[in-house]
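Participant: What follows is the file data.tsv, containing TSV, C-alpha atoms and all ligand atoms:
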chain	number	residue	atom	x	y	z
A	1	MET	CA	4.77	-15.11	-32.50
A	2	TYR	CA	6.33	-16.19	-29.22
A	3	THR	CA	3.70	-14.65	-26.95
A	4	SER	CA	-0.09	-14.55	-27.04
A	5	ASP	CA	-2.02	-11.95	-29.06
A	6	GLN	CA	-3.39	-10.48	-25.85
A	7	MET	CA	0.11	-10.12	-24.36
A	8	GLN	CA	1.24	-8.13	-27.33
A	9	ILE	CA	-1.69	-5.77	-26.86
A	10	ASP	CA	-1.16	-5.46	-23.08
A	11	ILE	CA	2.58	-4.94	-23.26
A	12	GLY	CA	2.16	-2.54	-26.19
A	13	ARG	CA	-0.20	-0.43	-24.09
A	14	GLY	CA	2.56	-0.25	-21.53
A	15	SER	CA	2.45	1.66	-18.31
A	16	TRP	CA	2.76	5.43	-18.02
A	17	ILE	CA	4.27	5.00	-14.55
A	18	ARG	CA	7.05	2.78	-15.89
A	19	ARG	CA	7.59	5.01	-18.91
A	20	MET	CA	8.01	8.16	-16.84
A	21	PHE	CA	10.22	6.33	-14.35
A	22	GLU	CA	12.47	5.19	-17.18
A	23	GLU	CA	12.57	8.70	-18.64
A	24	GLY	CA	13.72	9.78	-15.19
A	25	LEU	CA	16.58	7.28	-15.20
A	26	GLU	CA	17.79	8.69	-18.52
A	27	LEU	CA	17.55	12.27	-17.24
A	28	LYS	CA	19.44	11.34	-14.07
A	29	LYS	CA	22.28	9.96	-16.17
A	30	ILE	CA	22.54	13.28	-18.01
A	31	HIS	CA	21.87	15.80	-15.22
A	32	GLY	CA	22.77	13.91	-12.02
A	33	ASN	CA	20.44	12.41	-9.40
A	34	ASP	CA	20.01	15.58	-7.35
A	35	LYS	CA	18.87	17.68	-10.34
A	36	VAL	CA	15.96	15.39	-11.29
A	37	PHE	CA	12.75	15.35	-9.22
A	38	ASP	CA	11.16	11.95	-9.58
A	39	PHE	CA	7.56	11.55	-8.34
A	40	THR	CA	6.65	8.54	-10.46
A	41	LEU	CA	6.89	5.32	-8.44
A	42	GLY	CA	4.53	4.45	-5.59
A	43	SER	CA	7.18	2.97	-3.36
A	44	PRO	CA	7.28	3.67	0.41
A	45	CYS	CA	10.15	5.88	1.57
A	46	VAL	CA	10.34	4.94	5.26
A	47	GLU	CA	11.89	1.80	6.74
A	48	PRO	CA	9.76	-0.93	8.34
A	49	PRO	CA	9.11	-0.42	12.08
A	50	PRO	CA	11.83	-1.67	14.51
A	51	GLN	CA	9.75	-4.60	15.77
A	52	PHE	CA	9.83	-6.03	12.23
A	53	GLN	CA	13.60	-6.48	12.30
A	54	ALA	CA	13.45	-8.03	15.77
A	55	ALA	CA	10.68	-10.47	14.80
A	56	LEU	CA	12.51	-11.42	11.62
A	57	VAL	CA	15.67	-12.27	13.57
A	58	ASP	CA	13.57	-14.24	16.04
A	59	VAL	CA	11.95	-16.27	13.24
A	60	VAL	CA	15.22	-16.91	11.44
A	61	ASN	CA	16.80	-18.20	14.67
A	62	ASP	CA	13.86	-20.42	15.61
A	63	PRO	CA	15.26	-23.99	15.64
A	64	THR	CA	11.83	-25.67	15.29
A	65	PRO	CA	11.97	-28.16	12.40
A	66	GLY	CA	9.70	-27.63	9.40
A	67	MET	CA	9.79	-23.84	9.40
A	68	HIS	CA	10.07	-23.68	5.63
A	69	THR	CA	7.82	-26.49	4.38
A	70	TYR	CA	4.44	-26.38	2.64
A	71	MET	CA	1.45	-25.49	4.77
A	72	GLN	CA	-2.33	-25.23	4.42
A	73	ASN	CA	-3.08	-23.01	1.43
A	74	PRO	CA	-4.82	-20.23	3.42
A	75	GLY	CA	-1.74	-19.85	5.64
A	76	TYR	CA	-0.67	-20.58	9.22
A	77	PRO	CA	-3.59	-20.64	11.67
A	78	ALA	CA	-1.60	-18.58	14.23
A	79	THR	CA	-1.02	-15.81	11.68
A	80	ARG	CA	-4.65	-15.80	10.58
A	81	VAL	CA	-5.82	-15.67	14.20
A	82	ALA	CA	-3.52	-12.69	14.87
A	83	ILE	CA	-4.73	-10.87	11.75
A	84	ALA	CA	-8.38	-11.59	12.55
A	85	ARG	CA	-7.89	-10.21	16.08
A	86	ARG	CA	-6.39	-6.96	14.90
A	87	LEU	CA	-8.97	-6.50	12.16
A	88	THR	CA	-11.80	-7.18	14.62
A	89	ALA	CA	-10.37	-4.58	17.00
A	90	GLU	CA	-9.96	-2.07	14.16
A	91	SER	CA	-13.33	-2.67	12.52
A	92	GLY	CA	-15.77	-3.94	15.15
A	93	ILE	CA	-16.72	-6.80	12.78
A	94	GLU	CA	-16.02	-10.25	14.30
A	95	TYR	CA	-13.45	-11.79	11.96
A	96	THR	CA	-12.02	-15.24	12.75
A	97	ALA	CA	-9.19	-17.23	11.16
A	98	GLU	CA	-11.87	-18.80	8.91
A	99	ASN	CA	-12.35	-15.39	7.26
A	100	ILE	CA	-8.65	-14.78	6.57
A	101	ILE	CA	-6.48	-16.10	3.76
A	102	MET	CA	-2.83	-15.05	3.66
A	103	THR	CA	-1.82	-13.91	0.16
A	104	VAL	CA	1.04	-12.76	-2.01
A	105	GLY	CA	0.27	-9.08	-1.50
A	106	ALA	CA	-2.97	-7.30	-2.29
A	107	ALA	CA	-2.29	-8.00	-5.97
A	108	GLY	CA	-2.24	-11.76	-5.36
A	109	ALA	CA	-5.38	-11.48	-3.23
A	110	SER	CA	-7.27	-9.58	-5.97
A	111	ASN	CA	-6.39	-12.19	-8.57
A	112	VAL	CA	-7.38	-15.05	-6.28
A	113	PHE	CA	-10.71	-13.44	-5.39
A	114	LEU	CA	-11.63	-12.48	-8.96
A	115	ARG	CA	-10.76	-15.99	-10.14
A	116	SER	CA	-13.08	-17.37	-7.48
A	117	VAL	CA	-16.23	-15.41	-8.32
A	118	LEU	CA	-16.15	-14.46	-12.01
A	119	ASN	CA	-17.75	-16.41	-14.81
A	120	PRO	CA	-16.27	-15.49	-18.18
A	121	GLY	CA	-17.63	-12.11	-19.24
A	122	ASP	CA	-18.89	-11.12	-15.79
A	123	GLU	CA	-18.50	-7.41	-15.24
A	124	VAL	CA	-16.21	-5.75	-12.73
A	125	ILE	CA	-16.80	-2.04	-12.15
A	126	VAL	CA	-13.81	0.15	-11.38
A	127	ILE	CA	-14.01	3.85	-10.58
A	128	ALA	CA	-11.70	6.08	-12.61
A	129	PRO	CA	-9.10	7.18	-11.68
A	130	PHE	CA	-7.94	3.73	-10.64
A	131	PHE	CA	-4.71	1.75	-10.14
A	132	PRO	CA	-3.97	0.65	-13.73
A	133	GLU	CA	-3.03	-2.93	-12.77
A	134	TYR	CA	-6.74	-3.59	-12.03
A	135	SER	CA	-7.38	-3.90	-15.76
A	136	PHE	CA	-4.89	-6.75	-15.98
A	137	TYR	CA	-6.19	-8.53	-12.87
A	138	ILE	CA	-9.73	-8.43	-14.28
A	139	HIS	CA	-8.58	-9.57	-17.67
A	140	ASN	CA	-6.40	-12.34	-16.18
A	141	GLN	CA	-9.46	-13.73	-14.45
A	142	ARG	CA	-11.80	-13.63	-17.48
A	143	GLY	CA	-13.80	-10.62	-16.39
A	144	THR	CA	-14.96	-7.60	-18.36
A	145	GLN	CA	-13.93	-4.22	-17.00
A	146	VAL	CA	-16.57	-1.49	-16.77
A	147	VAL	CA	-15.37	2.01	-15.91
A	148	SER	CA	-17.45	4.40	-13.82
A	149	LYS	CA	-16.18	7.94	-13.52
A	150	ALA	CA	-15.52	9.84	-10.34
A	151	THR	CA	-16.79	13.31	-9.47
A	152	PRO	CA	-14.44	16.31	-9.90
A	153	GLU	CA	-13.57	15.81	-6.20
A	154	CYS	CA	-12.32	12.32	-7.13
A	155	LEU	CA	-15.06	10.44	-5.26
A	156	PRO	CA	-17.51	7.87	-6.69
A	157	ASP	CA	-20.25	9.46	-8.81
A	158	LEU	CA	-23.35	7.64	-7.58
A	159	ASP	CA	-25.53	8.42	-10.61
A	160	ASP	CA	-22.85	7.27	-12.99
A	161	LEU	CA	-22.30	4.11	-10.93
A	162	ARG	CA	-26.03	3.31	-10.89
A	163	GLY	CA	-26.06	3.58	-14.68
A	164	ARG	CA	-23.23	1.02	-15.00
A	165	LEU	CA	-25.01	-1.79	-13.15
A	166	THR	CA	-26.24	-4.62	-15.39
A	167	ASP	CA	-27.32	-8.22	-14.93
A	168	ARG	CA	-23.67	-9.22	-15.56
A	169	THR	CA	-22.29	-7.02	-12.75
A	170	ARG	CA	-20.40	-9.22	-10.29
A	171	VAL	CA	-17.88	-7.05	-8.48
A	172	LEU	CA	-17.40	-3.37	-7.63
A	173	MET	CA	-13.76	-2.58	-6.89
A	174	LEU	CA	-13.23	0.19	-4.35
A	175	ASN	CA	-9.89	1.57	-3.28
A	176	SER	CA	-10.07	3.89	-0.30
A	177	PRO	CA	-7.91	5.79	0.40
A	178	CYS	CA	-7.13	5.76	-3.26
A	179	ASN	CA	-4.07	5.43	-5.44
A	180	PRO	CA	-3.80	7.84	-7.34
A	181	THR	CA	-5.92	10.50	-5.58
A	182	GLY	CA	-5.34	9.98	-1.85
A	183	ARG	CA	-9.07	10.49	-1.29
A	184	MET	CA	-10.98	8.39	1.26
A	185	ILE	CA	-14.58	7.52	0.36
A	186	PRO	CA	-16.67	9.01	3.18
A	187	ALA	CA	-19.29	7.02	5.09
A	188	PRO	CA	-22.41	8.64	3.52
A	189	ILE	CA	-21.24	7.63	0.02
A	190	LEU	CA	-20.43	4.10	1.19
A	191	LYS	CA	-23.90	3.88	2.74
A	192	GLU	CA	-25.53	4.81	-0.57
A	193	ILE	CA	-23.33	2.39	-2.49
A	194	GLY	CA	-24.33	-0.36	-0.03
A	195	GLU	CA	-28.03	0.34	-0.53
A	196	MET	CA	-27.61	0.50	-4.30
A	197	LEU	CA	-25.80	-2.85	-4.43
A	198	ARG	CA	-28.26	-4.57	-2.08
A	199	ARG	CA	-31.14	-3.54	-4.33
A	200	HIS	CA	-29.26	-4.54	-7.45
A	201	SER	CA	-28.20	-7.94	-6.08
A	202	GLU	CA	-31.82	-8.67	-5.23
A	203	LYS	CA	-32.94	-7.60	-8.68
A	204	ILE	CA	-30.46	-9.79	-10.57
A	205	GLY	CA	-30.77	-12.73	-8.16
A	206	ARG	CA	-27.09	-13.09	-7.22
A	207	PRO	CA	-24.74	-11.10	-5.02
A	208	VAL	CA	-22.64	-8.28	-6.32
A	209	PHE	CA	-19.45	-8.20	-4.25
A	210	ILE	CA	-17.42	-5.21	-3.12
A	211	LEU	CA	-13.73	-5.93	-3.51
A	212	SER	CA	-12.27	-3.40	-1.12
A	213	ASP	CA	-8.60	-2.85	-1.90
A	214	GLU	CA	-7.20	-1.34	1.30
A	215	PRO	CA	-3.38	-1.30	1.27
A	216	TYR	CA	-3.41	2.38	2.35
A	217	ARG	CA	-6.06	2.00	5.08
A	218	ASN	CA	-3.59	2.79	7.86
A	219	LEU	CA	-2.04	5.76	6.06
A	220	LEU	CA	-4.72	8.31	6.93
A	221	PHE	CA	-3.92	11.90	7.89
A	222	ASP	CA	-5.23	14.48	10.35
A	223	GLY	CA	-6.52	11.79	12.75
A	224	LEU	CA	-9.21	10.74	10.26
A	225	GLN	CA	-11.12	7.56	11.16
A	226	TYR	CA	-11.33	5.00	8.38
A	227	ALA	CA	-14.75	4.66	6.75
A	228	ALA	CA	-14.85	0.94	5.96
A	229	PRO	CA	-16.87	-0.43	3.02
A	230	ALA	CA	-17.46	-3.65	5.03
A	231	ASP	CA	-19.47	-1.63	7.58
A	232	TYR	CA	-21.99	-0.69	4.91
A	233	TYR	CA	-22.20	-3.83	2.78
A	234	ASP	CA	-22.11	-7.44	3.92
A	235	ASP	CA	-20.74	-9.03	0.74
A	236	THR	CA	-17.43	-7.21	1.08
A	237	ILE	CA	-14.03	-8.84	0.69
A	238	ILE	CA	-11.00	-6.85	1.84
A	239	VAL	CA	-7.73	-7.32	0.00
A	240	THR	CA	-4.70	-5.72	1.53
A	241	SER	CA	-1.04	-6.08	2.37
A	242	PHE	CA	1.84	-4.76	4.43
A	243	SER	CA	3.50	-3.33	1.31
A	244	LYS	CA	2.63	0.30	2.02
A	245	SER	CA	1.53	0.42	5.65
A	246	ILE	CA	4.89	-0.85	6.94
A	247	SER	CA	7.01	-0.75	3.79
A	248	LEU	CA	7.26	-4.48	3.06
A	249	ALA	CA	6.38	-4.30	-0.64
A	250	GLY	CA	9.22	-6.60	-1.69
A	251	GLU	CA	8.30	-9.26	0.85
A	252	ARG	CA	4.95	-9.92	-0.87
A	253	ILE	CA	2.89	-10.45	2.23
A	254	GLY	CA	-0.80	-9.60	2.37
A	255	TYR	CA	-4.18	-11.10	3.08
A	256	MET	CA	-7.80	-11.31	2.11
A	257	ALA	CA	-10.56	-10.89	4.71
A	258	ILE	CA	-13.98	-12.23	3.77
A	259	SER	CA	-16.64	-10.48	5.82
A	260	PRO	CA	-18.25	-12.88	8.30
A	261	ARG	CA	-21.50	-11.08	7.41
A	262	CYS	CA	-21.27	-12.38	3.83
A	263	LYS	CA	-23.79	-15.27	3.66
A	264	GLY	CA	-21.56	-17.19	1.27
A	265	ALA	CA	-18.37	-16.59	3.32
A	266	ALA	CA	-17.52	-20.30	3.72
A	267	LYS	CA	-17.95	-20.97	-0.02
A	268	VAL	CA	-15.87	-17.92	-0.96
A	269	PHE	CA	-13.18	-19.01	1.50
A	270	GLU	CA	-13.09	-22.53	0.04
A	271	ALA	CA	-12.82	-21.20	-3.54
A	272	CYS	CA	-10.14	-18.65	-2.64
A	273	ALA	CA	-8.06	-21.23	-0.76
A	274	PHE	CA	-8.30	-23.48	-3.83
A	275	ASN	CA	-7.26	-20.69	-6.19
A	276	THR	CA	-4.37	-19.64	-3.97
A	277	ARG	CA	-3.06	-23.10	-4.77
A	278	THR	CA	-4.03	-23.41	-8.44
A	279	LEU	CA	-2.93	-19.94	-9.51
A	280	GLY	CA	0.49	-21.12	-8.41
A	281	PHE	CA	0.96	-19.03	-5.28
A	282	VAL	CA	0.32	-22.20	-3.16
A	283	ASN	CA	0.63	-20.08	-0.01
A	284	ALA	CA	1.92	-16.69	1.10
A	285	PRO	CA	5.63	-16.55	2.08
A	286	ALA	CA	6.15	-18.66	5.23
A	287	THR	CA	8.78	-16.53	6.97
A	288	MET	CA	6.78	-13.35	6.53
A	289	GLN	CA	3.64	-15.03	7.86
A	290	ARG	CA	5.54	-16.00	11.01
A	291	VAL	CA	6.87	-12.46	11.36
A	292	MET	CA	3.41	-10.93	10.97
A	293	ALA	CA	2.00	-13.26	13.63
A	294	ARG	CA	4.53	-11.75	16.05
A	295	ILE	CA	4.04	-8.04	15.31
A	296	GLN	CA	0.37	-7.26	15.15
A	297	ASP	CA	0.93	-4.09	17.20
A	298	TRP	CA	2.69	-2.27	14.33
A	299	GLU	CA	1.82	1.29	13.37
A	300	SER	CA	2.31	3.11	10.08
A	301	ASN	CA	4.59	6.13	10.09
A	302	VAL	CA	1.75	8.56	9.42
A	303	PRO	CA	3.48	11.75	10.69
A	304	VAL	CA	6.26	11.44	8.11
A	305	TYR	CA	3.86	11.06	5.19
A	306	GLN	CA	1.49	13.72	6.51
A	307	ALA	CA	4.34	16.25	6.69
A	308	LYS	CA	5.28	15.43	3.09
A	309	ARG	CA	1.65	15.78	2.01
A	310	ASP	CA	1.54	19.23	3.63
A	311	LEU	CA	4.82	20.35	2.09
A	312	MET	CA	3.75	19.29	-1.40
A	313	TYR	CA	0.11	20.36	-1.17
A	314	ASN	CA	0.87	23.78	0.31
A	315	GLY	CA	3.70	24.39	-2.16
A	316	LEU	CA	1.61	23.49	-5.20
A	317	THR	CA	-1.64	25.20	-4.22
A	318	GLU	CA	0.33	28.35	-3.48
A	319	ILE	CA	1.55	28.28	-7.10
A	320	GLY	CA	-2.05	27.92	-8.29
A	321	TYR	CA	-2.48	24.18	-8.84
A	322	LYS	CA	-5.95	22.83	-8.02
A	323	ILE	CA	-5.75	19.61	-6.02
A	324	PRO	CA	-8.42	17.49	-4.31
A	325	LYS	CA	-6.73	17.37	-0.88
A	326	PRO	CA	-5.47	13.84	-0.15
A	327	GLU	CA	-6.65	12.41	3.17
A	328	GLY	CA	-4.23	9.49	3.05
A	329	THR	CA	-1.73	7.43	0.98
A	330	PHE	CA	1.36	9.10	-0.45
A	331	PHE	CA	-0.25	10.28	-3.66
A	332	MET	CA	-1.97	13.40	-4.89
A	333	PHE	CA	-3.79	14.03	-8.14
A	334	PRO	CA	-3.60	17.69	-9.21
A	335	GLU	CA	-5.60	19.05	-12.14
A	336	SER	CA	-3.44	19.65	-15.16
A	337	PRO	CA	-3.51	23.38	-15.98
A	338	ILE	CA	-4.14	22.38	-19.62
A	339	ALA	CA	-6.59	19.70	-20.74
A	340	ASP	CA	-3.84	17.70	-22.46
A	341	ASP	CA	-2.25	16.05	-19.40
A	342	PRO	CA	0.47	14.08	-21.29
A	343	LYS	CA	1.54	17.39	-22.85
A	344	PHE	CA	1.70	19.09	-19.46
A	345	VAL	CA	3.65	16.15	-18.05
A	346	MET	CA	6.22	16.72	-20.81
A	347	MET	CA	6.35	20.43	-19.87
A	348	LEU	CA	7.17	19.35	-16.32
A	349	LYS	CA	9.74	16.96	-17.69
A	350	ASP	CA	11.44	19.93	-19.37
A	351	GLU	CA	11.87	21.22	-15.81
A	352	LEU	CA	13.28	17.81	-14.75
A	353	VAL	CA	10.11	17.12	-12.74
A	354	LEU	CA	8.69	13.65	-13.37
A	355	VAL	CA	5.06	12.78	-12.69
A	356	THR	CA	2.53	10.42	-14.30
A	357	PRO	CA	-0.31	11.66	-16.54
A	358	GLY	CA	-3.88	11.07	-15.36
A	359	THR	CA	-4.51	9.36	-18.70
A	360	GLY	CA	-2.52	6.43	-17.25
A	361	PHE	CA	-5.21	6.11	-14.56
A	362	ALA	CA	-8.14	6.54	-16.98
A	363	ALA	CA	-8.60	10.14	-15.82
A	364	PRO	CA	-7.32	12.64	-18.41
A	365	GLY	CA	-6.87	16.23	-17.29
A	366	PHE	CA	-4.99	15.32	-14.09
A	367	PHE	CA	-1.56	14.04	-13.16
A	368	ARG	CA	-0.31	11.87	-10.29
A	369	ILE	CA	2.41	12.76	-7.84
A	370	SER	CA	3.91	10.14	-5.53
A	371	PHE	CA	5.33	12.22	-2.68
A	372	ALA	CA	7.07	9.29	-0.96
A	373	CYS	CA	10.47	10.91	-1.40
A	374	PRO	CA	12.90	13.07	0.62
A	375	ASP	CA	11.54	16.48	1.71
A	376	GLN	CA	14.42	18.12	-0.11
A	377	VAL	CA	13.22	16.67	-3.42
A	378	ILE	CA	9.75	18.12	-2.82
A	379	GLN	CA	11.16	21.49	-1.77
A	380	ASN	CA	13.62	21.75	-4.67
A	381	SER	CA	11.03	20.70	-7.26
A	382	LEU	CA	8.68	23.61	-6.54
A	383	PRO	CA	10.41	26.20	-8.77
A	384	GLY	CA	10.12	23.75	-11.69
A	385	PHE	CA	6.45	23.16	-10.92
A	386	ARG	CA	6.00	26.95	-10.91
A	387	ARG	CA	7.74	27.54	-14.25
A	388	ALA	CA	5.76	24.77	-15.97
A	389	PHE	CA	2.51	26.15	-14.52
A	390	GLU	CA	3.29	29.66	-15.75
A	391	ARG	CA	4.25	28.41	-19.22
A	392	ALA	CA	1.00	26.38	-19.39
A	393	MET	CA	-1.09	29.41	-18.37
A	394	ALA	CA	0.58	31.47	-21.10
A	395	LEU	CA	-0.39	28.98	-23.86
B	1	LIG	C1	-4.23	0.55	-5.03
B	1	LIG	C2	-3.26	-0.57	-5.01
B	1	LIG	N1	-3.72	-1.81	-4.92
B	1	LIG	C3	-2.90	-2.86	-4.91
B	1	LIG	C4	-1.54	-2.70	-4.99
B	1	LIG	C5	-0.67	-3.91	-4.96
B	1	LIG	O1	-0.01	-3.98	-3.76
B	1	LIG	P1	0.74	-5.27	-3.21
B	1	LIG	O2	2.17	-4.92	-3.12
B	1	LIG	O3	0.13	-5.49	-1.89
B	1	LIG	O4	0.45	-6.39	-4.13
B	1	LIG	C6	-0.99	-1.42	-5.09
B	1	LIG	C7	0.44	-1.21	-5.24
B	1	LIG	O5	0.93	-0.17	-5.64
B	1	LIG	C8	-1.89	-0.32	-5.09
B	1	LIG	O6	-1.44	0.95	-5.17
Using structure tokens, write down the structure from this file.
Ligand SMILES: Cc1ncc(COP(=O)(O)O)c(C=O)c1O

Facilitator:
Amino acid sequence: MYTSDQMQIDIGRGSWIRRMFEEGLELKKIHGNDKVFDFTLGSPCVEPPPQFQAALVDVVNDPTPGMHTYMQNPGYPATRVAIARRLTAESGIEYTAENIIMTVGAAGASNVFLRSVLNPGDEVIVIAPFFPEYSFYIHNQRGTQVVSKATPECLPDLDDLRGRLTDRTRVLMLNSPCNPTGRMIPAPILKEIGEMLRRHSEKIGRPVFILSDEPYRNLLFDGLQYAAPADYYDDTIIVTSFSKSISLAGERIGYMAISPRCKGAAKVFEACAFNTRTLGFVNAPATMQRVMARIQDWESNVPVYQAKRDLMYNGLTEIGYKIPKPEGTFFMFPESPIADDPKFVMMLKDELVLVTPGTGFAAPGFFRISFACPDQVIQNSLPGFRRAFERAMAL
């Protein structure tokens, strides 16, 4: 065998998102691009803000020598200062450059953090439905994944969560607003989670961390204020990126913010800086760090995504679909009209509508729509959604 036993299992399990996306490519070849309605990939559909282009040109034309050399593993101090300033203004928590490590996206940050705090076999709780890559990050870093289920409204189920805590619990991963549901965890739930984890950490004699995965934090609709896990629990580490907020997914630029209220912040910083190096990232991309230091006044294009959310949500609920209303992101997670979500996804595929089954997010009975696509695609897909719904109801 050329690859490890575990790789064969992981690759064999595959990804529903990828599978449906590839099915879409085949269908597009047969029917033409405009006849296939593809809601599979979670890729932003707006361009980065104009100040990004200007800052990039500025950086590229900067004649200062040494612009592209190695640097300190956590990243350029000027970038970390700029990020800390913005985060402090957004959150009211006093972050400094010593709390910020620049990373290769939120994905890189999650791997670095998990590597830094997990002993082999330590447990990491995820709340289903969750972004399926979490399982691989946890496994990469020698952890054991524990799944807690969400309520029917797609929010953490506090009783279920309490029942999952053990003396091996090390990390609770939260993702708010969430891929795949678009739901934001409201403050009262975060408060209860904070109290629960404080009690549990005391009981087991070591801190349980919250790993707060926040790449969609700035994509919130209807003027909603972000409820931040770090406000309710001191041992919170934010991982995030500019992949979704300003459409820089391919540039692989993100960061980790260790709460200054975390008593072990300096130790966690030291370990994460070390692992940034030893996991082979070494540092986040230099040019992008310089760009981000220059454009900390960016804003996400919320109105565009909110209008798409409304178009999709109103269209589908009018047909009869039940959907926990997304408060952010560019995803929604409707209930499948039949319990067998992969089967319903195939019924949609018959209508040339491509979505991802909830099973792929550890939440059978639902399916995920990524509505980051042209309005026309949403509009033209609705008759197909209707026909599939009616066929399912007639079963
Ligand atoms: C919930 C969630 N976390 C993390 C990531 C990884 O993002 P990044 O591009 O910042 O690594 C994604 C990307 O789709 C995501 O949806």

Participant: Around all listed atoms of segment 34-48 of chain A, padded 4 Å per side, what centre and edge lengths does the axis-aligned box have in Å to one decimal, as AutoDock Vina command-line options?

Facilitator:
--center_x 12.3 --center_y 8.4 --center_z -1.5 --size_x 23.5 --size_y 26.6 --size_z 27.6

Participant: Please identify all polymer residues within 10 Å of Phe344 of chain A, counting all atoms listed in the file, omitting same-chain residues fewer than 2 positions from it, and present them as a ChimeraX atom specification.

Facilitator: /A:336-342,346-350,355,357,365-367,388-389,391-392

Participant: Within 12 Å of Leu248 of chain A, counting all atoms listed in the file, which residues qualify if same-chain residues fewer than 2 places away don't, as a list in words?

Facilitator: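 Using all atoms listed in the file, the neighbours found are Ser43, Pro44, Cys45, Val46, Glu47, Pro48, Pro49, Phe52, Gln53, Val104, Gly105, Ala106, Pro215, Ser241, Phe242, Ser243, Lys244, Ser245, Ile246, Gly250, Glu251, Arg252, Ile253, Gly254, Met288, Val291, Met292 and Ser300 of chain A.
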
Participant: For ligand LIG 1 (chain B), which residue among A:Asp160, A:Glu153, A:Glu390, A:Glu214 is the nearest when counting only C-alpha atoms and all ligand atoms?

Facilitator: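 Of A:Asp160, A:Glu153, A:Glu390, A:Glu214, the one nearest ligand LIG 1 (chain B), counting only C-alpha atoms and all ligand atoms, is A:Glu214.
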
Participant: As a list in words, please: the residues near His139 of chain A (cut-off 12 Å, all atoms listed in the file, same-chain neighbours under 4 positions excluded).

Facilitator: Gln6, Met7, Asp10, Ser110, Asn111, Leu114, Arg115, Leu118, Asn119, Pro120, Gly121, Asp122, Glu123, Val124, Pro132, Glu133, Tyr134, Ser135, Gly143, Thr144, Gln145 and Val146 of chain A

Participant: Dump C-alpha atoms for the selected residues as a JSON list (two decimals), in the coordinates of the input?

Facilitator:
[["chain", "number", "residue", "atom", "x", "y", "z"],
["A", 6, "GLN", "CA", -3.39, -10.48, -25.85],
["A", 7, "MET", "CA", 0.11, -10.12, -24.36],
["A", 10, "ASP", "CA", -1.16, -5.46, -23.08],
["A", 110, "SER", "CA", -7.27, -9.58, -5.97],
["A", 111, "ASN", "CA", -6.39, -12.19, -8.57],
["A", 114, "LEU", "CA", -11.63, -12.48, -8.96],
["A", 115, "ARG", "CA", -10.76, -15.99, -10.14],
["A", 118, "LEU", "CA", -16.15, -14.46, -12.01],
["A", 119, "ASN", "CA", -17.75, -16.41, -14.81],
["A", 120, "PRO", "CA", -16.27, -15.49, -18.18],
["A", 121, "GLY", "CA", -17.63, -12.11, -19.24],
["A", 122, "ASP", "CA", -18.89, -11.12, -15.79],
["A", 123, "GLU", "CA", -18.50, -7.41, -15.24],
["A", 124, "VAL", "CA", -16.21, -5.75, -12.73],
["A", 132, "PRO", "CA", -3.97, 0.65, -13.73],
["A", 133, "GLU", "CA", -3.03, -2.93, -12.77],
["A", 134, "TYR", "CA", -6.74, -3.59, -12.03],
["A", 135, "SER", "CA", -7.38, -3.90, -15.76],
["A", 143, "GLY", "CA", -13.80, -10.62, -16.39],
["A", 144, "THR", "CA", -14.96, -7.60, -18.36],
["A", 145, "GLN", "CA", -13.93, -4.22, -17.00],
["A", 146, "VAL", "CA", -16.57, -1.49, -16.77]]

Participant: What gap, in Å, lies between atom CA of Val60 of chain A and atom O3 of ligand LIG 1 (chain B)?

Facilitator: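 Atom-to-atom, atom CA of Val60 of chain A to atom O3 of ligand LIG 1 (chain B), that is 23.1 Å.
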
Participant: Out of A:Ile93, A:Ala249, A:Ile138, A:Ala286, which residue has the shortest atom-to-atom distance to ligand LIG 1 (chain B) when counting all atoms listed in the file?

Facilitator: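 Result for the nearest residue to ligand LIG 1 (chain B): A:Ala249.
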
Participant: Under the rule that only C-alpha atoms are counted, which of A:Asp159, A:Asp375, A:Glu327, A:Asp34 is the nearest residue to Arg183 of chain A?

Facilitator: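 Ranked by minimum distance to Arg183 of chain A, first place goes to A:Glu327.
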
Participant: Between A:Phe361, A:Phe209, A:Phe269, A:Tyr2, which residue has the minimum interatomic distance to ligand LIG 1 (chain B), considering all atoms listed in the file?

Facilitator: A:Phe361

Participant: What's the separation between atom CA of Ala362 of chain A and atom CA of Asp222 of chain A, in Å to one decimal place?

Facilitator: 28.6 Å

Participant: Fewer than 3 positions away in the same chain doesn't count, so skip those; otherwise give me all residues within 10 Å of Met196 of chain A, counting all atoms listed in the file, as a compact mmCIF listing (two decimals) with C-alpha atoms, keeping the file's coordinate frame.

Facilitator:
# COMPACT_ATOMS: atom_id res chain seq x y z
CA LEU A 158 -23.35 7.64 -7.58
CA LEU A 161 -22.30 4.11 -10.93
CA ARG A 162 -26.03 3.31 -10.89
CA LEU A 165 -25.01 -1.79 -13.15
CA LEU A 190 -20.43 4.10 1.19
CA LYS A 191 -23.90 3.88 2.74
CA GLU A 192 -25.53 4.81 -0.57
CA ILE A 193 -23.33 2.39 -2.49
CA ARG A 199 -31.14 -3.54 -4.33
CA HIS A 200 -29.26 -4.54 -7.45
CA SER A 201 -28.20 -7.94 -6.08
CA TYR A 233 -22.20 -3.83 2.78

Participant: Between atom CA of Arg13 of chain A and atom CA of Gly384 of chain A, what is the distance, to one decimal in Å?

Facilitator: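 Atom-to-atom, atom CA of Arg13 of chain A to atom CA of Gly384 of chain A, that is 29.1 Å.
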
Participant: So, counting all atoms listed in the file, which residue among A:Gly163, A:Phe330, A:Ile319, A:Val117 is closest to Asn218 of chain A?

Facilitator: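 Selected residue with least distance to Asn218 of chain A: A:Phe330.
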
Participant: Here's a test: counting only C-alpha atoms, identify every protein, DNA and RNA residue with an atom at most 6 Å from (-7.7, -12.2, 6.2) in the file's coordinate frame, and state them as a PyMOL selection string.

Facilitator: chain A and resi 99-101+255-257
